[in-house]
Protein chains: 2
Amino acid sequence: MASPHRVLCLETLSTSITNINVPILGSVTQRAMDIKREIEEGKQKPFKEIIFCHFGDLHAMGQKPCTFLRQVMALCMYPALLDNSEFPEDTKRKARSILQTLENGSVGSYNEFYSWETLPQRIAHFIQRRDGGIPCDPKNVVVSSGATAAIVSVLTMVVNEDEPLRTGIMLSVPQYPVYVDTIMLSAAVKVEYNLDEENGWSLNVDNIRQSLYKARTHCNPKVLCVMNPGNPTGRVESRECIEDVIRLAAEENLLLFVDEVCQENIFGLGATFHSFKKVLFEIGPRYSQQIQLVSVNSVSKGVSGECGLRCGYIEFVNIDPAVFQKLFTLKSFAVPNVIGMLAMDIMMDPPQPADPSYKTFMEEKKAVLSALAENAKLTEEILNQAPGIHCNPIQGAMYAFPRIHIPERAVKLAQTQGLEPDNMFCHHLLEETGIALAPGSCFGQVKDTYHIRRHV
Amino acid sequence: MASPHRVLCLETLSTSITNINVPILGSVTQRAMDIKREIEEGKQKPFKEIIFCHFGDLHAMGQKPCTFLRQVMALCMYPALLDNSEFPEDTKRKARSILQTLENGSVGSYNEFYSWETLPQRIAHFIQRRDGGIPCDPKNVVVSSGATAAIVSVLTMVVNEDEPLRTGIMLSVPQYPVYVDTIMLSAAVKVEYNLDEENGWSLNVDNIRQSLYKARTHCNPKVLCVMNPGNPTGRVESRECIEDVIRLAAEENLLLFVDEVCQENIFGLGATFHSFKKVLFEIGPRYSQQIQLVSVNSVSKGVSGECGLRCGYIEFVNIDPAVFQKLFTLKSFAVPNVIGMLAMDIMMDPPQPADPSYKTFMEEKKAVLSALAENAKLTEEILNQAPGIHCNPIQGAMYAFPRIHIPERAVKLAQTQGLEPDNMFCHHLLEETGIALAPGSCFGQVKDTYHIRRHV
């Protein structure tokens with residue numbers, strides 16, 4: 001019998017894995033789930049349930065599922081319902097048109113052709129309509145298993161561990177943590193630039209340029225990641241600012257990776273969503289023929305808010321389609337599930353004025369956005385009334401990222417416990433009230449500033 | 001304006017990515033999809049449609065969805081249907097019990113608690129029942145986004161690029177290609193051992209040991225991957241053989257990674273499924289307390305056959321749960337979709353004799369297995385009648401992997417075209433008949449032997 005040492009244990013994990021210390025939104029998530037289990041097992045707590053406010057989980061936070069979407073999906077799941085008279089005619093029409101394009105009419109087939117041909121065509125139509133007719137070739141659209149899988153796949157392709165200088169990837173501070181985790185598991189270097197908190201968390205090209213030049217002394221920054229609307233900031237970027245970022249990317253030869261998953265969640269007074277693709281093509285061919293742009297979107301946000309269904313898409317601009325052939329293989333590790341693809345398909349082509357489902361659909365859409373707008377206003381007002389908390393205006397997405405003042409003594413206490421001060425704050429809040437928030441340290445923040453992220 | 005070189009193009013991809021030359025089942029897949037598109041665009045071909053026989057895609061190959069499963073899922077998708085009198089009472093009961101455990105009752109929430117607590121409990125009950133009462137702790141069960149994601153996550157954890165000797169992972173020849181792709185994208189070394197084609201594609205411990213000892217001169221083999229029932233071989237392993245493999249793993253201190261996704265697809269005369277876990281515990285504590293075992297299962301096979309829904313699970317034996325905490329993070333890259341998890345939940349607890357859906361469920365289950373059995377028999381008979389083809393008995397899973405004789409002149413022709421001979425064979429077959437098969441070279445095969453895989 002061989003020696004009793006174990007093949008797979010904490011000691012045998014590689015440093016790239018052990019360095020990832022916390023789950024995606026900090027140890028608060030894990031602790032909140034433990035408490036939830038303890039409550040179910042009958043343990044007494046000063047509260048009755050955990051209120052999860054740390055995730056961008058719209059349905060969990062009360063958004064109602066879109067009726068049209070769910071009806072079409074139920075029909076596709078169990079086509080015998082196509083005989084049911086209670087489903088509106090347009091839901092059946094859409095379901096039939098989807099079922100016709102599925103292998104053997106089943107959502108249970110892999111449906112590779114649907115994933116690589118049919119759905120990209122429908123997404124391309126949507127993008128073209130959204131951008132006022134600027135062309136979108138379906139060959140440049142790839143369906144992914146959610147935005148997260150899109151981020152991981154594309155960044156994996158960009159990192160080249162064979163080159164003498166390590167690949168640099170530029171991320172905002174604060175940023176969505178999946179980017180950092182992806183970089184940590186790869187051979188890339190994280191190059192951070194600060195968003196402008198004093199200016200409502202705006203992108204700031206001076207900050208980006210400064211970080212870029214500094215990073216070039218030790219790595220090769222290739223990609224500039226931006227997010228609009230911002231997570232965790234709730235910022236909706238102005239057209240001028242987007243132009244500035246595009247010009248910078250052109251001057252510095254950076255690939256623009258644009259996370260636009262919250263493009264439908266716009267509710268701030270005067271805020272408008274401008275897609276990077278549209279702005280790129282409007283400022284002229286000198287830019288639109290040169291810049292490599294990657295944009296991602298998802299069914300997890302917007303009117304659908306279907307986080308649980310895991311589907312997104314990637315649009316590539318000025319990137320050789322032969323590169324996507326490689327994604328075909330990488331993607332085999334995360335084949336999108338068919339139900340998620342159906343949700344994407346349905347949201348790309350919502351009910352039109354003459355359709356029986358139109359009225360309900362529009363009412364639900366309005367309700368989603370006005371609830372977010374009201375909650376955002378309330379959140380902002382209440383937080384700004386609290387001493388030691390300052391919250392920037394929330395214009396889009398679904399998050400508030402207020403700055404919290406943590407007294408020096410508390411900061412020292414946290415340090416003695418080996419915790420980030422805002423993480424300690426969130427843990428205390430969780431244990432005392434059952435409210436789960438995400439600490440700012442999970443998203444990155446300027447040194448000696450502390451924040452929390454909450455779903456509005 | 002910077003130089004016009006592009007950040008992301010074929011030339012800038014790292015070798016670990018460019019080395020992956022083909023999509024998962026060879027260039028035949030891609031060509032078949034191109035032809036399908038050409039037919040849709042009106043191009044004339046010597047056939048009317050592509051017949052996809054290369055995938056393990058049960059619904060695409062004609063298996064009917066399980067009614068109970070689809071009814072419960074439609075109810076969860078659109079809960080207004082709970083008032084519909086046409087759904088059997090037990091489908092509603094199951095749907096209500098699932099909806100109660102979902103965040104805000106929605107399949108559209110992330111449902112982390114369901115994924116990490118509720119569903120693993122139900123899976124553990126199933127495993128315990130399956131293995132005649134041998135305990136299964138839900139803490140050792142992790143839900144994954146399909147078996148593929150499970151394979152990738154676990155093998156990623158095992159590979160340690162910090163160690164002086166590279167991590168070796170032992171794979172059978174032939175094997176399921178995802179393993180090879182995973183290893184190619186990691187820092188691991190592939191260590192191949194031959195299955196015994198003369199003996200119905202059985203595992204052969206002498207072959208394994210021989211490869212192991214040879215590999216130890218240049219790497220550190222840590223994991224022995226086996227698949228039962230076999231893909232692409234259709235082999236169902238005997239209890240004795242499983243015992244031998246377990247003893248070998250114990251003697252050589254190998255982690256056993258067991259792919260048991262086809263455990264329900266058993267139809268060969270006298271063939272029985274023995275889970276590695278059960279055999280491990282039956283041969284005694286000396287083994288069951290030592291061996292590290294990882295077993296994966298999926299909803300893509302069996303009675304459900306729901307490949308499109310992407311859900312699987314992993315059971316860990318004798319592995320520190322703290323290691324799974326790391327999976328929590330790695331897994332954030334492939335959060336399982338909720339609909340897939342529902343399918344898993346439903347299949348873990350199928351209708352019982354007193355339930356209204358029982359009769360239909362059992363009829364459908366029987367139909368699935370007898371269709372596979374009949375097709376397997378027919379496939380075997382017809383192939384063995386053809387000159388130059390030999391097919392081993394097909395006992396389980398859903399594949400035939402016959403050996404085909406390719407004449408020397410054809411082999412030479414293929415070589416001048418830079419193609420594997422069996423890949424050329426499959427391409428000719430596709431262009432002339434519209435039938436898509438997977439070439440044996442995608443799965444690995446002994447030098448100068450050629451095979452094809454087809455779904456029975």
# chains A, B, ... in the order shown; residues from 1 in each chain; ligands from 1
call {"tool": "select_by_dssp", "arguments": {"residues": "region 134-319 of chain B", "states": "helix (DSSP H, G or I)", "output": "ChimeraX atom specification"}}
result
/B:138-140,146-158,177-185,197-199,205-215,239-252,276-282,285-288,307-309
call {"tool": "atom_distance", "arguments": {"atom1": "CA of Val180 (chain A)", "atom2": "CA of Ile17 (chain B)"}}
result
21.1 Å
call {"tool": "residues_around", "arguments": {"residues": "Ser97 (chain A)", "least_positions_apart": "4", "cutoff": "12 Å", "atoms": "only C-alpha atoms", "output": "PyMOL selection string"}}
result
chain A and resi 72+75-76+90-93+101-102+105+118-119+342+345-346+349
call {"tool": "closest_residue", "arguments": {"among": "B:Ile283, B:Leu419, B:Leu430, B:Leu293", "to": "chain A", "atoms": "only C-alpha atoms"}}
result
B:Leu293
call {"tool": "atom_distance", "arguments": {"atom1": "CA of His405 (chain B)", "atom2": "CA of Ile389 (chain B)"}}
result
6.2 Å
call {"tool": "residues_around", "arguments": {"residues": "His59 (chain B)", "least_positions_apart": "6", "cutoff": "12 Å", "atoms": "only C-alpha atoms", "output": "JSON, numbers by chain"}}
result
{"A": [102, 103, 104, 105, 106, 107, 108, 109, 110, 111], "B": [52, 53, 65, 66, 300, 301, 302, 303, 304, 305, 306, 307, 308, 309, 368, 455]}
call {"tool": "residues_around", "arguments": {"residues": "Leu383 (chain A)", "least_positions_apart": "4", "cutoff": "12 Å", "atoms": "only C-alpha atoms", "output": "mmCIF file with N, CA, C and O atoms, in the first residue's frame"}}
result
data_model
loop_
_atom_site.group_PDB
_atom_site.id
_atom_site.type_symbol
_atom_site.label_atom_id
_atom_site.label_comp_id
_atom_site.auth_asym_id
_atom_site.auth_seq_id
_atom_site.Cartn_x
_atom_site.Cartn_y
_atom_site.Cartn_z
ATOM 1 N N ASN A 375 -36.485 53.034 -6.036
ATOM 2 C CA ASN A 375 -35.588 52.463 -5.026
ATOM 3 C C ASN A 375 -34.245 53.168 -5.013
ATOM 4 O O ASN A 375 -33.654 53.392 -3.957
ATOM 5 N N ALA A 376 -33.764 53.497 -6.204
ATOM 6 C CA ALA A 376 -32.460 54.160 -6.296
ATOM 7 C C ALA A 376 -32.533 55.524 -5.603
ATOM 8 O O ALA A 376 -31.626 55.905 -4.851
ATOM 9 N N LYS A 377 -33.622 56.249 -5.840
ATOM 10 C CA LYS A 377 -33.781 57.579 -5.249
ATOM 11 C C LYS A 377 -33.847 57.460 -3.721
ATOM 12 O O LYS A 377 -33.185 58.202 -2.987
ATOM 13 N N LEU A 378 -34.661 56.511 -3.270
ATOM 14 C CA LEU A 378 -34.821 56.288 -1.834
ATOM 15 C C LEU A 378 -33.489 55.901 -1.192
ATOM 16 O O LEU A 378 -33.093 56.442 -0.142
ATOM 17 N N THR A 379 -32.802 54.961 -1.824
ATOM 18 C CA THR A 379 -31.499 54.504 -1.316
ATOM 19 C C THR A 379 -30.540 55.676 -1.175
ATOM 20 O O THR A 379 -29.900 55.861 -0.128
ATOM 21 N N PRO A 387 -25.123 59.738 8.942
ATOM 22 C CA PRO A 387 -23.801 60.324 9.164
ATOM 23 C C PRO A 387 -22.715 59.340 8.742
ATOM 24 O O PRO A 387 -22.836 58.133 8.975
ATOM 25 N N GLY A 388 -21.678 59.861 8.095
ATOM 26 C CA GLY A 388 -20.546 59.004 7.723
ATOM 27 C C GLY A 388 -20.749 58.204 6.459
ATOM 28 O O GLY A 388 -19.936 57.352 6.121
ATOM 29 N N ILE A 389 -21.852 58.456 5.750
ATOM 30 C CA ILE A 389 -22.080 57.730 4.495
ATOM 31 C C ILE A 389 -22.314 58.743 3.377
ATOM 32 O O ILE A 389 -23.044 59.716 3.562
ATOM 33 N N HIS A 390 -21.665 58.545 2.237
ATOM 34 C CA HIS A 390 -21.968 59.381 1.076
ATOM 35 C C HIS A 390 -22.191 58.527 -0.152
ATOM 36 O O HIS A 390 -21.388 57.662 -0.497
ATOM 37 N N CYS A 391 -23.340 58.804 -0.826
ATOM 38 C CA CYS A 391 -23.713 58.001 -1.995
ATOM 39 C C CYS A 391 -23.837 58.898 -3.222
ATOM 40 O O CYS A 391 -24.589 59.871 -3.212
ATOM 41 N N ASN A 392 -23.116 58.570 -4.281
ATOM 42 C CA ASN A 392 -23.228 59.283 -5.555
ATOM 43 C C ASN A 392 -24.591 59.020 -6.192
ATOM 44 O O ASN A 392 -25.243 58.023 -5.871
ATOM 45 N N PRO A 393 -25.003 59.892 -7.125
ATOM 46 C CA PRO A 393 -26.269 59.629 -7.832
ATOM 47 C C PRO A 393 -26.224 58.268 -8.548
ATOM 48 O O PRO A 393 -25.191 57.884 -9.108
ATOM 49 N N ILE A 394 -27.323 57.543 -8.482
ATOM 50 C CA ILE A 394 -27.417 56.242 -9.152
ATOM 51 C C ILE A 394 -28.233 56.436 -10.423
ATOM 52 O O ILE A 394 -29.412 56.767 -10.361
ATOM 53 N N ALA A 400 -26.070 50.587 -5.522
ATOM 54 C CA ALA A 400 -25.512 51.769 -4.872
ATOM 55 C C ALA A 400 -24.148 51.357 -4.336
ATOM 56 O O ALA A 400 -23.982 50.227 -3.864
ATOM 57 N N PHE A 401 -23.187 52.267 -4.435
ATOM 58 C CA PHE A 401 -21.839 51.964 -3.929
ATOM 59 C C PHE A 401 -21.385 53.133 -3.044
ATOM 60 O O PHE A 401 -20.438 53.861 -3.374
ATOM 61 N N PRO A 402 -22.101 53.320 -1.927
ATOM 62 C CA PRO A 402 -21.783 54.464 -1.075
ATOM 63 C C PRO A 402 -20.440 54.301 -0.367
ATOM 64 O O PRO A 402 -20.013 53.180 -0.073
ATOM 65 N N ARG A 403 -19.827 55.448 -0.099
ATOM 66 C CA ARG A 403 -18.605 55.463 0.700
ATOM 67 C C ARG A 403 -19.007 55.521 2.161
ATOM 68 O O ARG A 403 -19.896 56.283 2.545
ATOM 69 N N ILE A 404 -18.375 54.691 2.967
ATOM 70 C CA ILE A 404 -18.696 54.722 4.398
ATOM 71 C C ILE A 404 -17.447 55.119 5.182
ATOM 72 O O ILE A 404 -16.331 54.697 4.876
ATOM 73 N N HIS A 451 -16.234 51.215 1.223
ATOM 74 C CA HIS A 451 -17.544 51.273 0.577
ATOM 75 C C HIS A 451 -18.323 50.001 0.862
ATOM 76 O O HIS A 451 -17.775 49.015 1.353
ATOM 77 N N ILE A 452 -19.602 50.065 0.529
ATOM 78 C CA ILE A 452 -20.419 48.850 0.494
ATOM 79 C C ILE A 452 -21.194 48.860 -0.820
ATOM 80 O O ILE A 452 -21.492 49.931 -1.357
ATOM 81 N N ARG A 453 -21.502 47.691 -1.340
ATOM 82 C CA ARG A 453 -22.399 47.656 -2.497
ATOM 83 C C ARG A 453 -23.703 47.031 -2.057
ATOM 84 O O ARG A 453 -23.714 46.006 -1.378
ATOM 85 N N ARG A 454 -24.784 47.686 -2.416
ATOM 86 C CA ARG A 454 -26.078 47.048 -2.208
ATOM 87 C C ARG A 454 -26.938 47.176 -3.452
ATOM 88 O O ARG A 454 -26.848 48.127 -4.219
ATOM 89 N N VAL A 456 -30.219 48.097 -5.167
ATOM 90 C CA VAL A 456 -31.155 49.160 -4.759
ATOM 91 C C VAL A 456 -32.531 48.590 -4.463
ATOM 92 O O VAL A 456 -32.902 47.565 -4.984
#
call {"tool": "residues_around", "arguments": {"residues": "Thr433 (chain B)", "least_positions_apart": "4", "cutoff": "10 Å", "atoms": "only C-alpha atoms", "output": "count of residues only"}}
result
10
call {"tool": "residues_around", "arguments": {"residues": "Asn204 (chain B)", "least_positions_apart": "5", "cutoff": "12 Å", "atoms": "only C-alpha atoms", "output": "ChimeraX atom specification"}}
result
/B:172-173,193-199,209-211,226,237-238,240-245,248
call {"tool": "write_last_selection", "arguments": {"atoms": "N, CA, C and O atoms", "output": "JSON list (two decimals), in the first residue's frame"}}
result
[["chain", "number", "residue", "atom", "x", "y", "z"],
["B", 172, "SER", "N", -7.79, 6.96, -20.75],
["B", 172, "SER", "CA", -7.87, 5.78, -21.59],
["B", 172, "SER", "C", -7.75, 6.18, -23.06],
["B", 172, "SER", "O", -8.00, 7.32, -23.43],
["B", 173, "VAL", "N", -7.36, 5.21, -23.86],
["B", 173, "VAL", "CA", -7.40, 5.34, -25.32],
["B", 173, "VAL", "C", -8.29, 4.23, -25.81],
["B", 173, "VAL", "O", -7.98, 3.06, -25.59],
["B", 193, "TYR", "N", -3.38, 5.24, -21.50],
["B", 193, "TYR", "CA", -3.32, 3.78, -21.40],
["B", 193, "TYR", "C", -4.38, 3.21, -22.33],
["B", 193, "TYR", "O", -5.45, 3.78, -22.50],
["B", 194, "ASN", "N", -4.07, 2.08, -22.94],
["B", 194, "ASN", "CA", -4.99, 1.50, -23.91],
["B", 194, "ASN", "C", -6.06, 0.65, -23.26],
["B", 194, "ASN", "O", -5.76, -0.19, -22.40],
["B", 195, "LEU", "N", -7.30, 0.84, -23.71],
["B", 195, "LEU", "CA", -8.35, -0.12, -23.37],
["B", 195, "LEU", "C", -8.12, -1.36, -24.22],
["B", 195, "LEU", "O", -7.41, -1.32, -25.24],
["B", 196, "ASP", "N", -8.72, -2.47, -23.81],
["B", 196, "ASP", "CA", -8.45, -3.76, -24.42],
["B", 196, "ASP", "C", -9.49, -4.06, -25.51],
["B", 196, "ASP", "O", -10.54, -4.64, -25.23],
["B", 197, "GLU", "N", -9.20, -3.63, -26.72],
["B", 197, "GLU", "CA", -10.19, -3.78, -27.81],
["B", 197, "GLU", "C", -10.54, -5.24, -28.05],
["B", 197, "GLU", "O", -11.69, -5.57, -28.32],
["B", 198, "GLU", "N", -9.54, -6.12, -27.92],
["B", 198, "GLU", "CA", -9.77, -7.55, -28.14],
["B", 198, "GLU", "C", -10.74, -8.12, -27.10],
["B", 198, "GLU", "O", -11.34, -9.16, -27.30],
["B", 199, "ASN", "N", -10.83, -7.44, -25.99],
["B", 199, "ASN", "CA", -11.66, -7.93, -24.88],
["B", 199, "ASN", "C", -12.83, -6.98, -24.63],
["B", 199, "ASN", "O", -13.11, -6.58, -23.50],
["B", 209, "ARG", "N", -0.86, -0.02, -15.55],
["B", 209, "ARG", "CA", 0.37, -0.05, -14.76],
["B", 209, "ARG", "C", 1.60, 0.23, -15.65],
["B", 209, "ARG", "O", 2.48, 1.00, -15.27],
["B", 210, "GLN", "N", 1.59, -0.36, -16.81],
["B", 210, "GLN", "CA", 2.71, -0.18, -17.74],
["B", 210, "GLN", "C", 2.87, 1.31, -18.11],
["B", 210, "GLN", "O", 3.97, 1.86, -18.05],
["B", 211, "SER", "N", 1.75, 1.95, -18.46],
["B", 211, "SER", "CA", 1.79, 3.38, -18.82],
["B", 211, "SER", "C", 2.23, 4.22, -17.63],
["B", 211, "SER", "O", 2.98, 5.18, -17.77],
["B", 226, "VAL", "N", -11.30, 7.13, -15.45],
["B", 226, "VAL", "CA", -11.98, 6.02, -16.11],
["B", 226, "VAL", "C", -13.43, 6.40, -16.38],
["B", 226, "VAL", "O", -13.95, 7.33, -15.77],
["B", 237, "GLU", "N", -18.42, -1.99, -17.34],
["B", 237, "GLU", "CA", -17.33, -2.68, -16.66],
["B", 237, "GLU", "C", -17.85, -3.72, -15.65],
["B", 237, "GLU", "O", -18.87, -3.49, -15.00],
["B", 238, "SER", "N", -17.13, -4.83, -15.52],
["B", 238, "SER", "CA", -17.52, -5.86, -14.55],
["B", 238, "SER", "C", -17.09, -5.45, -13.15],
["B", 238, "SER", "O", -16.18, -4.63, -12.98],
["B", 240, "GLU", "N", -15.49, -7.23, -10.99],
["B", 240, "GLU", "CA", -14.12, -7.68, -10.73],
["B", 240, "GLU", "C", -13.12, -6.65, -11.26],
["B", 240, "GLU", "O", -12.14, -6.30, -10.60],
["B", 241, "CYS", "N", -13.39, -6.20, -12.45],
["B", 241, "CYS", "CA", -12.48, -5.25, -13.09],
["B", 241, "CYS", "C", -12.43, -3.96, -12.27],
["B", 241, "CYS", "O", -11.35, -3.37, -12.08],
["B", 242, "ILE", "N", -13.58, -3.51, -11.77],
["B", 242, "ILE", "CA", -13.62, -2.28, -10.96],
["B", 242, "ILE", "C", -12.79, -2.48, -9.69],
["B", 242, "ILE", "O", -12.01, -1.61, -9.30],
["B", 243, "GLU", "N", -12.94, -3.65, -9.08],
["B", 243, "GLU", "CA", -12.11, -3.97, -7.89],
["B", 243, "GLU", "C", -10.63, -3.87, -8.21],
["B", 243, "GLU", "O", -9.85, -3.28, -7.45],
["B", 244, "ASP", "N", -10.25, -4.45, -9.32],
["B", 244, "ASP", "CA", -8.83, -4.43, -9.71],
["B", 244, "ASP", "C", -8.32, -3.00, -9.87],
["B", 244, "ASP", "O", -7.22, -2.67, -9.45],
["B", 245, "VAL", "N", -9.14, -2.17, -10.50],
["B", 245, "VAL", "CA", -8.74, -0.78, -10.72],
["B", 245, "VAL", "C", -8.61, -0.05, -9.38],
["B", 245, "VAL", "O", -7.67, 0.72, -9.16],
["B", 248, "LEU", "N", -5.43, -1.12, -7.70],
["B", 248, "LEU", "CA", -4.30, -0.48, -8.37],
["B", 248, "LEU", "C", -4.17, 0.98, -7.90],
["B", 248, "LEU", "O", -3.07, 1.45, -7.57]]
call {"tool": "closest_atom_pairs", "arguments": {"of": "region 121-196 of chain B", "to": "region 185-190 of chain A", "cutoff": "12 Å", "atoms": "only C-alpha atoms", "output": "Markdown table"}}
result
| residue | atom | partner | partner_atom | distance |
| --- | --- | --- | --- | --- |
| B:Thr156 | CA | A:Leu185 | CA | 10.2 |
| B:Met157 | CA | A:Leu185 | CA | 11.1 |
| B:Glu161 | CA | A:Leu185 | CA | 11.7 |
| B:Leu185 | CA | A:Ser186 | CA | 10.9 |
| B:Ser186 | CA | A:Ser186 | CA | 10.3 |
| B:Ala187 | CA | A:Ser186 | CA | 11.6 |
call {"tool": "write_last_selection", "arguments": {"atoms": "all heavy atoms", "output": "compact mmCIF listing (two decimals), in the first residue's frame"}}
result
# COMPACT_ATOMS: atom_id res chain seq x y z
N THR B 156 -8.66 20.98 -13.07
CA THR B 156 -7.95 22.24 -12.84
C THR B 156 -7.40 22.30 -11.42
O THR B 156 -6.29 22.78 -11.19
CB THR B 156 -8.91 23.43 -13.06
OG1 THR B 156 -9.43 23.34 -14.38
CG2 THR B 156 -8.20 24.77 -12.89
N MET B 157 -8.19 21.79 -10.48
CA MET B 157 -7.73 21.82 -9.08
C MET B 157 -6.58 20.86 -8.84
O MET B 157 -5.74 21.10 -7.98
CB MET B 157 -8.89 21.45 -8.15
CG MET B 157 -9.90 22.55 -8.01
SD MET B 157 -10.85 22.32 -6.49
CE MET B 157 -11.41 20.66 -6.70
N GLU B 161 0.95 23.57 -11.01
CA GLU B 161 2.07 24.01 -11.88
C GLU B 161 3.26 24.50 -11.08
O GLU B 161 4.31 24.81 -11.65
CB GLU B 161 1.59 25.06 -12.90
CG GLU B 161 1.29 26.43 -12.35
CD GLU B 161 -0.21 26.62 -12.08
OE1 GLU B 161 -0.93 25.61 -11.88
OE2 GLU B 161 -0.65 27.76 -12.05
N LEU B 185 -5.07 22.71 -22.21
CA LEU B 185 -5.17 24.11 -21.76
C LEU B 185 -4.54 24.29 -20.39
O LEU B 185 -4.43 25.41 -19.89
CB LEU B 185 -6.63 24.57 -21.72
CG LEU B 185 -7.23 24.97 -23.07
CD1 LEU B 185 -8.72 25.18 -22.94
CD2 LEU B 185 -6.57 26.23 -23.61
N SER B 186 -4.14 23.22 -19.74
CA SER B 186 -3.54 23.33 -18.41
C SER B 186 -2.06 22.98 -18.51
O SER B 186 -1.54 22.72 -19.59
CB SER B 186 -4.23 22.36 -17.44
OG SER B 186 -3.74 21.05 -17.64
N ALA B 187 -1.41 22.94 -17.36
CA ALA B 187 0.02 22.63 -17.36
C ALA B 187 0.25 21.13 -17.14
O ALA B 187 1.36 20.72 -16.85
CB ALA B 187 0.71 23.44 -16.26
call {"tool": "atom_distance", "arguments": {"atom1": "CA of Glu408 (chain B)", "atom2": "CA of Asn423 (chain B)"}}
result
14.9 Å
call {"tool": "decode", "arguments": {"residues": "region 76-110 of chain A", "atoms": "C-alpha atoms", "output": "tab-separated table (two decimals), in the first residue's frame"}}
result
chain	number	residue	atom	x	y	z
A	76	CYS	CA	-41.19	25.31	-25.51
A	77	MET	CA	-40.53	23.21	-22.42
A	78	TYR	CA	-43.83	21.33	-22.71
A	79	PRO	CA	-45.18	21.77	-26.25
A	80	ALA	CA	-48.46	19.97	-25.41
A	81	LEU	CA	-49.44	23.39	-23.97
A	82	LEU	CA	-49.65	24.78	-27.51
A	83	ASP	CA	-53.26	23.50	-27.44
A	84	ASN	CA	-54.03	25.50	-24.31
A	85	SER	CA	-56.39	28.38	-25.02
A	86	GLU	CA	-55.14	30.53	-22.15
A	87	PHE	CA	-51.82	31.34	-23.79
A	88	PRO	CA	-51.92	34.44	-26.04
A	89	GLU	CA	-51.57	33.78	-29.75
A	90	ASP	CA	-48.24	35.61	-30.06
A	91	THR	CA	-46.63	33.46	-27.34
A	92	LYS	CA	-47.60	30.38	-29.34
A	93	ARG	CA	-46.36	31.90	-32.59
A	94	LYS	CA	-42.99	32.66	-31.02
A	95	ALA	CA	-42.78	29.23	-29.36
A	96	ARG	CA	-43.55	27.49	-32.67
A	97	SER	CA	-40.93	29.52	-34.50
A	98	ILE	CA	-38.34	28.58	-31.88
A	99	LEU	CA	-39.29	24.89	-31.75
A	100	GLN	CA	-38.94	24.71	-35.54
A	101	THR	CA	-35.33	25.77	-35.30
A	102	LEU	CA	-34.39	23.30	-32.54
A	103	GLU	CA	-32.92	19.85	-33.27
A	104	ASN	CA	-35.88	17.49	-33.31
A	105	GLY	CA	-37.93	20.30	-31.74
A	106	SER	CA	-36.43	19.70	-28.30
A	107	VAL	CA	-34.85	22.11	-25.83
A	108	GLY	CA	-33.09	18.99	-24.55
A	109	SER	CA	-30.83	18.64	-27.60
A	110	TYR	CA	-27.48	20.39	-27.64
